[in-house]
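Asker: My structure is stored as upload04.cif, with mmCIF, C-alpha atoms and all ligand atoms.
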data_protein
loop_
_atom_site.label_atom_id
_atom_site.label_comp_id
_atom_site.auth_asym_id
_atom_site.auth_seq_id
_atom_site.Cartn_x
_atom_site.Cartn_y
_atom_site.Cartn_z
CA MET A 599 0.00 0.00 0.00
CA ASP A 600 0.98 3.54 -0.63
CA HIS A 601 2.50 4.84 2.63
CA ALA A 602 -0.54 6.92 3.50
CA GLY A 603 -3.34 4.92 1.90
CA PHE A 604 -6.89 4.91 3.17
CA VAL A 605 -9.83 2.65 2.37
CA LEU A 606 -13.37 2.80 3.72
CA SER A 607 -15.37 -0.14 2.36
CA ARG A 608 -19.13 -0.03 2.87
CA PRO A 609 -21.94 -2.06 1.31
CA HIS A 610 -23.16 0.98 -0.69
CA ARG A 611 -19.89 2.73 -1.55
CA THR A 612 -16.12 2.56 -1.12
CA LEU A 613 -13.61 5.40 -0.79
CA VAL A 614 -9.99 4.69 -1.72
CA ALA A 615 -7.40 7.43 -1.13
CA SER A 616 -3.62 7.54 -1.56
CA GLY A 617 -0.70 9.96 -1.42
CA VAL A 618 -0.32 12.81 1.06
CA ARG A 619 -0.88 16.55 0.45
CA ALA A 620 -0.95 17.38 4.17
CA THR A 621 -1.29 15.59 7.49
CA TYR A 622 -3.19 16.75 10.58
CA GLY A 623 -2.47 15.52 14.10
CA ASP A 624 -4.80 18.20 15.33
CA ILE A 625 -8.51 18.27 14.46
CA THR A 626 -8.71 22.07 14.40
CA ALA A 627 -6.13 22.15 11.58
CA ALA A 628 -8.10 19.55 9.58
CA ARG A 629 -11.33 21.48 10.05
CA SER A 630 -9.76 24.72 8.92
CA ALA A 631 -8.18 23.04 5.86
CA LEU A 632 -11.67 21.87 4.85
CA ARG A 633 -13.21 25.28 5.53
CA THR A 634 -10.63 27.23 3.53
CA GLY A 635 -10.73 24.67 0.68
CA SER A 636 -7.00 23.90 0.99
CA ALA A 637 -8.04 20.24 1.49
CA PRO A 638 -10.70 18.95 -0.93
CA ILE A 639 -11.17 15.93 1.36
CA VAL A 640 -9.82 14.76 4.72
CA VAL A 641 -9.59 11.04 5.57
CA GLY A 642 -8.35 9.05 8.54
CA ALA A 643 -8.93 8.28 12.19
CA ILE A 644 -9.92 10.13 15.36
CA PRO A 645 -8.75 8.65 18.69
CA PHE A 646 -11.00 7.60 21.56
CA ARG A 647 -9.82 10.47 23.80
CA ALA A 648 -10.22 14.05 22.58
CA GLU A 649 -6.86 15.06 24.08
CA ASP A 650 -4.89 12.54 21.97
CA ARG A 651 -3.57 13.36 18.50
CA CYS A 652 -5.69 12.42 15.50
CA ALA A 653 -4.46 10.75 12.30
CA LEU A 654 -6.08 12.74 9.51
CA LEU A 655 -4.67 13.64 6.13
CA SER A 656 -5.53 15.26 2.85
CA PRO A 657 -4.70 12.68 0.16
CA GLU A 658 -3.23 13.39 -3.29
CA ARG A 659 -5.84 11.19 -4.95
CA HIS A 660 -9.19 9.72 -4.02
CA GLU A 661 -11.91 7.75 -5.78
CA PHE A 662 -15.37 6.54 -4.87
CA HIS A 663 -16.67 3.21 -6.18
CA SER A 664 -20.11 1.74 -5.71
CA GLY A 665 -20.32 -1.32 -3.47
CA PRO A 666 -17.69 -2.84 -1.19
CA TRP A 667 -13.94 -2.64 -1.85
CA GLN A 668 -12.50 -4.94 -4.50
CA ALA A 669 -9.02 -5.92 -3.39
CA PRO A 670 -6.41 -5.39 -6.13
CA PRO A 671 -4.86 -8.62 -7.43
CA GLY A 672 -1.45 -9.73 -6.19
CA LEU A 673 -1.65 -8.68 -2.55
CA PRO A 674 0.89 -10.54 -0.40
CA PRO A 675 -0.51 -13.38 1.72
CA LEU A 676 -1.42 -12.69 5.35
CA PRO A 677 1.13 -14.29 7.67
CA HIS A 678 -0.20 -16.73 10.26
CA GLY A 679 -0.59 -15.15 13.70
CA ARG A 680 -0.76 -16.25 17.32
CA ILE A 681 -1.74 -14.42 20.48
CA VAL A 682 1.28 -13.52 22.61
CA ALA A 683 -0.34 -11.24 25.23
CA GLU A 684 -3.74 -10.28 26.59
CA SER A 685 -4.26 -6.90 28.27
CA PRO A 686 -5.89 -7.11 30.70
CA THR A 687 -5.83 -10.89 31.19
CA PRO A 688 -9.27 -12.55 31.25
CA SER A 689 -9.30 -12.77 35.05
CA GLU A 690 -8.21 -9.12 35.34
CA HIS A 691 -11.00 -8.13 32.92
CA ILE A 692 -13.53 -9.88 35.15
CA ARG A 693 -12.21 -7.92 38.14
CA VAL A 694 -12.44 -4.64 36.19
CA VAL A 695 -16.06 -5.44 35.28
CA GLU A 696 -16.80 -6.23 38.95
CA ASN A 697 -15.32 -2.86 39.99
CA LEU A 698 -17.33 -1.04 37.34
CA LEU A 699 -20.50 -2.86 38.38
CA ALA A 700 -19.90 -1.67 41.95
CA MET A 701 -19.78 1.90 40.56
CA VAL A 702 -23.08 1.24 38.74
CA ASP A 703 -24.62 -0.09 41.97
CA ALA A 704 -23.36 3.00 43.81
CA ARG A 705 -25.00 5.14 41.07
CA VAL A 706 -21.70 6.79 40.11
CA LEU A 707 -22.29 5.33 36.64
CA GLU A 708 -25.36 4.17 34.75
CA LYS A 709 -23.42 2.56 31.90
CA VAL A 710 -19.73 2.11 31.08
CA VAL A 711 -17.95 0.21 28.31
CA ALA A 712 -15.12 -2.05 29.49
CA ALA A 713 -12.59 -3.09 26.85
CA ARG A 714 -9.64 -5.44 26.58
CA SER A 715 -7.05 -6.15 23.90
CA VAL A 716 -5.03 -9.08 22.59
CA LEU A 717 -1.67 -8.85 20.87
CA VAL A 718 -1.26 -11.04 17.79
CA SER A 719 2.28 -11.69 16.60
CA CYS A 720 3.06 -12.93 13.09
CA GLY A 721 6.16 -14.43 11.50
CA ALA A 722 6.39 -11.48 9.08
CA ASP A 723 5.10 -7.92 8.77
CA ILE A 724 1.33 -7.74 8.38
CA PRO A 725 0.42 -6.12 5.04
CA PRO A 726 -2.49 -3.79 5.98
CA LEU A 727 -4.33 -4.25 2.68
CA SER A 728 -4.05 -8.04 2.87
CA LEU A 729 -5.69 -7.95 6.31
CA LEU A 730 -8.34 -5.56 5.00
CA ALA A 731 -9.04 -7.86 2.01
CA ARG A 732 -9.61 -10.79 4.38
CA LEU A 733 -11.90 -8.78 6.67
CA VAL A 734 -14.00 -7.45 3.77
CA GLU A 735 -14.29 -11.00 2.42
CA LEU A 736 -15.36 -12.34 5.85
CA ASP A 737 -17.89 -9.56 6.47
CA HIS A 738 -21.23 -10.53 4.92
CA VAL A 739 -21.90 -6.99 3.63
CA GLY A 740 -18.29 -5.98 2.87
CA ASN A 741 -17.57 -3.51 5.68
CA GLY A 742 -13.91 -2.69 6.28
CA PHE A 743 -11.43 0.12 6.78
CA CYS A 744 -7.71 0.78 6.69
CA ALA A 745 -6.24 4.07 7.91
CA ASP A 746 -2.60 5.16 8.14
CA LEU A 747 -2.00 6.34 11.71
CA SER A 748 1.35 8.05 11.08
CA PRO A 749 -0.15 11.61 11.12
CA ALA A 750 -0.65 11.07 14.89
CA GLY A 751 3.11 11.38 15.47
CA ALA A 752 6.32 9.42 15.89
CA SER A 753 4.80 6.71 18.10
CA TYR A 754 2.47 5.80 15.20
CA THR A 755 5.08 5.63 12.41
CA ASN A 756 4.18 2.71 10.10
CA SER A 757 1.02 1.98 12.11
CA TYR A 758 -2.38 1.30 10.60
CA LEU A 759 -5.86 0.91 11.98
CA VAL A 760 -7.59 -1.96 10.17
CA GLY A 761 -11.01 -3.38 10.96
CA ALA A 762 -14.58 -4.18 9.91
CA SER A 763 -16.94 -2.06 11.97
CA PRO A 764 -20.69 -2.58 11.63
CA GLU A 765 -21.50 0.75 13.33
CA THR A 766 -22.08 4.00 11.43
CA LEU A 767 -21.25 6.87 13.78
CA ILE A 768 -22.62 9.49 11.38
CA ARG A 769 -23.14 10.09 7.66
CA ARG A 770 -23.90 13.42 6.00
CA GLU A 771 -25.18 13.73 2.41
CA GLY A 772 -26.21 17.33 1.66
CA THR A 773 -28.40 18.34 4.57
CA THR A 774 -29.41 14.75 5.40
CA VAL A 775 -27.82 13.17 8.44
CA SER A 776 -28.07 9.47 9.27
CA CYS A 777 -26.63 7.06 11.78
CA TRP A 778 -27.35 3.62 13.16
CA PRO A 779 -26.14 3.34 16.76
CA LEU A 780 -25.62 -0.20 18.03
CA ALA A 781 -25.55 -1.51 21.62
CA GLY A 782 -26.71 -4.81 23.08
CA THR A 783 -25.14 -8.04 21.85
CA ALA A 784 -25.75 -11.78 21.56
CA ALA A 785 -23.37 -14.35 20.04
CA ARG A 786 -24.60 -15.96 16.82
CA SER A 787 -24.87 -19.73 16.44
CA THR A 788 -24.23 -21.94 13.41
CA ASP A 789 -27.47 -23.79 14.28
CA PRO A 790 -30.26 -21.71 12.61
CA ALA A 791 -32.84 -22.52 15.30
CA VAL A 792 -30.48 -21.55 18.13
CA ASP A 793 -29.39 -18.45 16.20
CA GLU A 794 -33.01 -17.34 15.78
CA ALA A 795 -33.79 -17.98 19.45
CA ARG A 796 -30.76 -15.89 20.53
CA ALA A 797 -31.88 -13.04 18.29
CA ALA A 798 -35.41 -13.17 19.72
CA ASP A 799 -34.03 -13.23 23.29
CA LEU A 800 -31.84 -10.21 22.56
CA LEU A 801 -34.76 -8.24 21.09
CA SER A 802 -36.90 -8.89 24.17
CA SER A 803 -34.09 -8.51 26.76
CA VAL A 804 -34.88 -5.70 29.20
CA LYS A 805 -31.19 -5.47 30.22
CA ASN A 806 -30.06 -5.08 26.59
CA GLN A 807 -32.79 -2.55 25.76
CA HIS A 808 -31.71 -0.54 28.81
CA GLU A 809 -28.06 -0.71 27.65
CA HIS A 810 -29.12 0.35 24.15
CA ALA A 811 -31.32 3.27 25.26
CA PHE A 812 -28.31 5.21 26.63
CA VAL A 813 -26.86 5.45 23.13
CA VAL A 814 -30.14 6.56 21.55
CA ASP A 815 -30.70 9.17 24.28
CA TRP A 816 -27.18 10.51 23.73
CA MET A 817 -27.65 10.75 19.94
CA ARG A 818 -30.99 12.52 20.43
CA ALA A 819 -29.47 15.03 22.86
CA ARG A 820 -26.43 15.68 20.65
CA LEU A 821 -28.24 15.88 17.31
CA THR A 822 -31.35 17.85 18.35
CA PRO A 823 -29.52 21.22 18.47
CA LEU A 824 -27.98 20.51 15.03
CA CYS A 825 -31.05 19.14 13.22
CA ARG A 826 -34.37 20.82 12.44
CA LYS A 827 -35.98 17.38 11.98
CA LEU A 828 -34.92 14.15 13.65
CA ALA A 829 -36.59 10.76 13.13
CA ILE A 830 -35.66 8.09 15.65
CA ALA A 831 -37.26 4.65 15.57
CA ASP A 832 -39.29 4.01 18.75
CA THR A 833 -37.80 0.59 19.37
CA PRO A 834 -34.48 -0.97 18.37
CA ALA A 835 -34.26 -3.56 15.59
CA LEU A 836 -32.00 -6.57 15.20
CA PHE A 837 -28.75 -6.02 13.34
CA ALA A 838 -26.53 -8.97 12.35
CA THR A 839 -22.82 -9.35 11.72
CA PRO A 840 -21.35 -12.78 10.88
CA ASP A 841 -20.42 -13.21 14.58
CA VAL A 842 -23.01 -11.34 16.66
CA TRP A 843 -26.51 -9.96 16.84
CA HIS A 844 -26.86 -6.33 17.95
CA LEU A 845 -29.70 -4.03 18.81
CA GLY A 846 -29.65 -1.02 16.45
CA THR A 847 -31.78 2.10 16.05
CA PRO A 848 -31.89 3.86 12.68
CA ILE A 849 -31.82 7.66 13.00
CA THR A 850 -32.21 10.26 10.25
CA GLY A 851 -32.25 14.05 10.43
CA GLU A 852 -32.18 17.27 8.44
CA LEU A 853 -29.48 19.77 9.34
CA ARG A 854 -30.48 23.21 10.60
CA ASP A 855 -27.30 24.73 9.16
CA SER A 856 -25.88 23.36 5.91
CA GLY A 857 -22.46 24.54 7.14
CA THR A 858 -22.33 21.73 9.72
CA THR A 859 -19.94 19.20 8.20
CA ALA A 860 -19.70 15.43 8.62
CA LEU A 861 -16.54 16.03 10.69
CA ASP A 862 -18.39 18.55 12.91
CA LEU A 863 -21.15 15.96 13.38
CA ALA A 864 -18.70 13.16 14.18
CA LEU A 865 -17.04 15.33 16.84
CA ALA A 866 -20.43 16.34 18.26
CA VAL A 867 -21.50 12.74 18.88
CA HIS A 868 -18.17 10.99 19.59
CA PRO A 869 -17.59 9.11 21.89
CA THR A 870 -21.12 7.74 22.23
CA PRO A 871 -22.20 5.49 25.12
CA ALA A 872 -21.68 2.54 22.70
CA VAL A 873 -17.96 2.92 23.49
CA CYS A 874 -17.83 5.22 26.57
CA GLY A 875 -20.82 5.45 28.92
CA THR A 876 -23.33 7.50 30.91
CA PRO A 877 -22.84 9.96 32.53
CA HIS A 878 -20.17 10.72 29.96
CA ASP A 879 -17.51 12.38 32.16
CA ALA A 880 -17.76 9.80 34.97
CA ALA A 881 -17.58 6.95 32.43
CA MET A 882 -14.53 8.48 30.72
CA ARG A 883 -12.82 8.86 34.11
CA ALA A 884 -13.61 5.24 35.04
CA ILE A 885 -12.25 3.99 31.69
CA ASN A 886 -9.05 6.02 32.09
CA GLU A 887 -8.60 4.62 35.62
CA HIS A 888 -9.23 0.99 34.68
CA GLU A 889 -7.73 0.61 31.18
CA ALA A 890 -4.46 1.24 29.37
CA SER A 891 -4.74 3.69 26.45
CA ARG A 892 -7.26 2.65 23.81
CA GLY A 893 -5.41 4.64 21.15
CA PHE A 894 -7.63 4.67 18.06
CA TYR A 895 -9.87 1.79 19.15
CA ALA A 896 -13.33 3.19 20.03
CA GLY A 897 -12.50 6.33 18.07
CA ALA A 898 -13.89 7.08 14.61
CA VAL A 899 -12.65 6.39 11.11
CA GLY A 900 -13.92 8.01 7.95
CA TRP A 901 -13.84 11.05 5.72
CA CYS A 902 -15.24 14.52 5.16
CA ASP A 903 -15.05 16.57 1.95
CA ALA A 904 -14.93 20.34 1.45
CA ALA A 905 -18.70 20.37 0.72
CA GLY A 906 -19.20 18.92 4.23
CA ASP A 907 -20.36 15.47 3.15
CA GLY A 908 -18.81 12.40 4.69
CA GLU A 909 -19.14 9.19 6.61
CA TRP A 910 -17.59 8.10 9.92
CA MET A 911 -17.66 4.62 11.43
CA VAL A 912 -17.20 3.82 15.12
CA ALA A 913 -13.69 2.27 15.25
CA ILE A 914 -14.59 -1.14 16.71
CA ARG A 915 -13.84 -4.73 15.55
CA CYS A 916 -10.40 -3.43 14.65
CA ALA A 917 -6.69 -3.69 15.39
CA GLU A 918 -3.74 -1.32 15.43
CA LEU A 919 -0.99 -2.81 13.23
CA ARG A 920 2.71 -2.22 13.88
CA GLY A 921 5.13 -4.26 11.79
CA ASN A 922 4.50 -7.93 12.56
CA THR A 923 2.00 -7.30 15.40
CA ALA A 924 -1.69 -6.47 15.58
CA ARG A 925 -3.36 -5.30 18.80
CA ALA A 926 -7.07 -6.19 18.51
CA PHE A 927 -9.60 -4.66 20.90
CA ALA A 928 -13.13 -5.45 22.03
CA GLY A 929 -15.42 -3.98 24.66
CA GLY A 930 -18.92 -4.31 26.00
CA GLY A 931 -21.44 -2.14 27.81
CA ILE A 932 -21.77 -2.70 31.56
CA VAL A 933 -25.12 -1.79 33.12
CA ARG A 934 -27.04 -2.90 36.19
CA GLY A 935 -27.63 -6.64 35.75
CA SER A 936 -24.49 -7.29 33.64
CA ARG A 937 -22.64 -10.47 34.59
CA PRO A 938 -18.81 -10.37 34.59
CA HIS A 939 -18.30 -13.80 32.97
CA ASP A 940 -20.87 -13.03 30.27
CA GLU A 941 -19.10 -9.74 29.60
CA LEU A 942 -15.77 -11.52 29.15
CA ALA A 943 -17.42 -14.01 26.77
CA GLU A 944 -18.96 -11.12 24.79
CA THR A 945 -15.56 -9.51 24.22
CA THR A 946 -14.20 -12.90 23.11
CA VAL A 947 -16.94 -13.23 20.48
CA LYS A 948 -16.33 -9.67 19.28
CA LEU A 949 -12.58 -10.37 18.95
CA ARG A 950 -13.50 -13.19 16.55
CA THR A 951 -13.97 -10.63 13.73
CA LEU A 952 -10.26 -9.78 13.75
CA LEU A 953 -8.85 -13.11 14.87
CA SER A 954 -10.68 -15.07 12.15
CA ALA A 955 -8.64 -13.14 9.59
CA PHE A 956 -5.40 -14.54 10.99
CA SER A 957 -6.52 -18.09 11.51
CA ALA A 958 -9.50 -20.24 10.56
CA GLU A 959 -9.42 -21.17 14.24
CA GLY A 960 -10.51 -17.60 15.03
CA GLU A 961 -11.18 -17.10 18.69
CA LYS A 962 -9.72 -20.53 19.54
CA MET A 963 -6.45 -18.59 19.43
CA LEU A 964 -7.56 -17.15 22.77
CA LYS A 965 -6.35 -19.08 25.77
CA THR A 966 -9.65 -18.31 27.48
CA THR A 967 -11.94 -20.38 25.27
C1 LIG B 1001 -17.54 -1.54 22.07
C2 LIG B 1001 -17.82 -2.48 21.14
O1 LIG B 1001 -19.10 -2.68 20.66
C3 LIG B 1001 -20.12 -1.73 20.89
C4 LIG B 1001 -21.03 -1.78 19.71
C5 LIG B 1001 -22.08 -2.67 19.67
C6 LIG B 1001 -22.47 -3.38 20.83
C7 LIG B 1001 -21.87 -3.13 22.02
C8 LIG B 1001 -22.31 -3.85 23.26
O2 LIG B 1001 -23.29 -4.62 23.19
O3 LIG B 1001 -21.68 -3.69 24.31
C9 LIG B 1001 -20.84 -2.07 22.19
O4 LIG B 1001 -21.52 -0.94 22.68
C10 LIG B 1001 -16.79 -3.35 20.57
O5 LIG B 1001 -17.09 -4.14 19.68
O6 LIG B 1001 -15.62 -3.25 21.00
#
Rewrite the structure from the file as structure tokens, please.
Ligand SMILES: C=C(O[C@H]1C=CC=C(C(=O)O)[C@@H]1O)C(=O)O
Answerer:
Amino acid sequence: MDHAGFVLSRPHRTLVASGVRATYGDITAARSALRTGSAPIVVGAIPFRAEDRCALLSPERHEFHSGPWQAPPGLPPLPHGRIVAESPTPSEHIRVVENLLAMVDARVLEKVVAARSVLVSCGADIPPLSLLARLVELDHVGNGFCADLSPAGASYTNSYLVGASPETLIRREGTTVSCWPLAGTAARSTDPAVDEARAADLLSSVKNQHEHAFVVDWMRARLTPLCRKLAIADTPALFATPDVWHLGTPITGELRDSGTTALDLALAVHPTPAVCGTPHDAAMRAINEHEASRGFYAGAVGWCDAAGDGEWMVAIRCAELRGNTARAFAGGGIVRGSRPHDELAETTVKLRTLLSAFSAEGEKMLKTT
């Protein structure tokens, strides 16, 4: 791949960008480059924490194609990988969830997302586009992204964020805004009857609907000042990935001010309670106290053009690549009634998206299963 390549593969449309006109580690600089027209388009990744540097750039070239990304022929094979570290370990993750549940019981928090990561090591450098090709192939609708993280500074030289997120943070087309927040999860089964029963249980689960409602409430509160019309489905619907069922609520709106860009919108809603929690500040504090840096996991990845249109995905089901290693992350929402062992199992299933790319054994790579 070109040093600073970017791909966002979606079922409806793919953006491929390459070359570098300018890089932005600071969001204000990217916003002003779009406003002044010095950047026709900005692509890349926004970290989980607002105080960290972003990895945005204005590419030399970009092209849109309809449908998911078609990998170019001749990509190098993906090396085989194995897990060499888990952070936190499964038993530590359970303890973190127990601590967070105590904070929920004490009403310090209503919801918080607890995440963990696994480090995959390969015998050779991991070609980002080869990993992306595998993820797009494995995803039933062709979701996938690859973003060069080097604009975030020296510690991200030759690093890429690669993943297959099912969650649209925000999309802007003209004055129309849309998003599809997800929260609430059940593992899928290869047995169709069991799979259907799990989906039905998820849809009727009071605990999962409660967990989901925090995200919808947040989106409503954040988008209402920016939209003159907002349509939010009354009840969540089922949303499937190859590995999990989710609860999802489609939301559409009409902007009050056509000057509000897709990047402005992404920053207005990020980080949602699908990756952070409620109340927001208390959840962010709890995450910072209990977890190592999430980097770009649980951030946003996407693009915005000078007309203000764009699309940003929530950066989940992804890994940060560095040479021959990939750090894959997964998290889950903790609310009253969450069970620590179930939460660990949920992160294991979510890690399957990334791990399946490295080995047909997928999550069996994890010592915990
Ligand atoms: C935080 C993640 O998923 C979010 C998106 C969908 C469902 C979620 C859940 O049920 O907890 C999470 O909020 C992740 O995959 O790492």
Asker: Which protein, DNA or RNA residues have an atom within 7 Å of ligand LIG 1001 (chain B), counting only C-alpha atoms and all ligand atoms, as number ranges by chain?
Answerer: A: 711, 713, 765, 780-783, 844, 871-873, 896, 914-915, 927-931, 948
Asker: Taking all atoms listed in the file into account, which of A:Glu735, A:Asp879, A:Glu696, A:Glu794 comes nearest Ala955 (chain A)?
Answerer: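 Between A:Glu735, A:Asp879, A:Glu696, A:Glu794, the residue approaching Ala955 (chain A) most closely is A:Glu735.
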Asker: Between CA of Ala798 (chain A) and CA of Asp841 (chain A), what is the distance in Å, rounded to a tenth?
Answerer: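 Pair CA of Ala798 (chain A) / CA of Asp841 (chain A) returns 15.8 Å.
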Asker: Which residue, A:Arg796, A:Arg883, A:His939, A:Arg770, has the smallest gap to Ala864 (chain A) when you use only C-alpha atoms?
Answerer: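 Answer, going by the shortest atom-to-atom distance: A:Arg770.
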Asker: Out of A:Ala829, A:Ala866, A:Cys777, A:Val716, which residue has the shortest atom-to-atom distance to Arg950 (chain A) when counting all atoms listed in the file?
Answerer: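 Checking each of A:Ala829, A:Ala866, A:Cys777, A:Val716 against Arg950 (chain A), counting all atoms listed in the file, the winner is A:Val716.
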Asker: With all atoms listed in the file as the counted atoms, please give the residues lying no more than 7 Å from Val682 (chain A), apart from itself and same-chain residues fewer than 5 positions off, as a compact mmCIF listing (two decimals) with C-alpha atoms, keeping the file's coordinate frame.
Answerer:
# COMPACT_ATOMS: atom_id res chain seq x y z
CA LEU A 717 -1.67 -8.85 20.87
CA VAL A 718 -1.26 -11.04 17.79
CA SER A 719 2.28 -11.69 16.60
Asker: Taking 4 positions as the minimum chain separation for residues in the same chain, which residues sit within 8 Å of region 723-729 of chain A when counting all atoms listed in the file? Answer as a short mmCIF file (atom, residue, chain, number, x, y, z; two decimals) with C-alpha atoms, keeping the file's coordinate frame.
Answerer:
data_model
loop_
_atom_site.label_atom_id
_atom_site.label_comp_id
_atom_site.auth_asym_id
_atom_site.auth_seq_id
_atom_site.Cartn_x
_atom_site.Cartn_y
_atom_site.Cartn_z
CA MET A 599 0.00 0.00 0.00
CA ALA A 669 -9.02 -5.92 -3.39
CA LEU A 673 -1.65 -8.68 -2.55
CA PRO A 674 0.89 -10.54 -0.40
CA PRO A 675 -0.51 -13.38 1.72
CA LEU A 676 -1.42 -12.69 5.35
CA PRO A 677 1.13 -14.29 7.67
CA LEU A 733 -11.90 -8.78 6.67
CA CYS A 744 -7.71 0.78 6.69
CA TYR A 758 -2.38 1.30 10.60
CA VAL A 760 -7.59 -1.96 10.17
CA LEU A 919 -0.99 -2.81 13.23
CA ARG A 920 2.71 -2.22 13.88
CA GLY A 921 5.13 -4.26 11.79
CA ASN A 922 4.50 -7.93 12.56
CA THR A 923 2.00 -7.30 15.40
CA ALA A 924 -1.69 -6.47 15.58
CA ALA A 955 -8.64 -13.14 9.59
#
Asker: What separation in Å, quoted to one decimal, exists between CA of Pro779 (chain A) and CA of Gly900 (chain A)?
Answerer: 15.8 Å
Asker: Report, in Å with one decimal, the straight-line distance from CA of Cys874 (chain A) to CA of Val813 (chain A).
Answerer: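 Computing the Euclidean distance for CA of Cys874 (chain A) and CA of Val813 (chain A) yields 9.7 Å.
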Asker: Which polymer residues have any atom within 8 Å of an atom of region 932-934 of chain A, counting all atoms listed in the file, with same-chain residues fewer than 2 positions away left out, as a ChimeraX atom specification?
Answerer: /A:695,698-699,702-703,708-712,805,808-809,930,936,941
Asker: Hey, which bits of region 606-630 of chain A sit within 9 Å of region 638-654 of chain A, and for each residue what's the closest pair of atoms and how far apart in Å (one decimal), counting all atoms listed in the file, rows by chain and increasing number, as a Markdown table?
Answerer:
| residue | atom | partner | partner_atom | distance |
| --- | --- | --- | --- | --- |
| A:Ala615 | CA | A:Val641 | CA | 7.9 |
| A:Ala620 | CA | A:Leu654 | CA | 8.7 |
| A:Thr621 | CA | A:Leu654 | CA | 5.9 |
| A:Tyr622 | CA | A:Leu654 | CA | 5.1 |
| A:Gly623 | CA | A:Cys652 | CA | 4.7 |
| A:Asp624 | CA | A:Cys652 | CA | 5.9 |
| A:Ile625 | CA | A:Cys652 | CA | 6.6 |
| A:Ala628 | CA | A:Val640 | CA | 7.0 |
| A:Arg629 | CA | A:Val640 | CA | 8.7 |
Asker: Find, counting all atoms listed in the file, the residue in A:Leu953, A:Ala762, A:Val706, A:Ala637 that gets nearest to His678 (chain A).
Answerer: A:Leu953
Asker: Choose the residue, out of A:Ser607, A:Thr788, A:Ala795, A:Ser748, that has the smallest atom-to-atom separation from Ser763 (chain A); count all atoms listed in the file.
Answerer: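 Selected residue with least distance to Ser763 (chain A): A:Ser607.
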Asker: Mind listing as a list of chain:residue names all residues within 9 Å of (-1.0, 2.3, 17.9), counting only C-alpha atoms?
Answerer: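 The distance filter leaves exactly A:Leu747, A:Ser753, A:Tyr754, A:Thr755, A:Ser757, A:Tyr758, A:Leu759, A:Arg892, A:Gly893, A:Phe894, A:Tyr895, A:Ala917, A:Glu918, A:Leu919, A:Arg920, A:Arg925.
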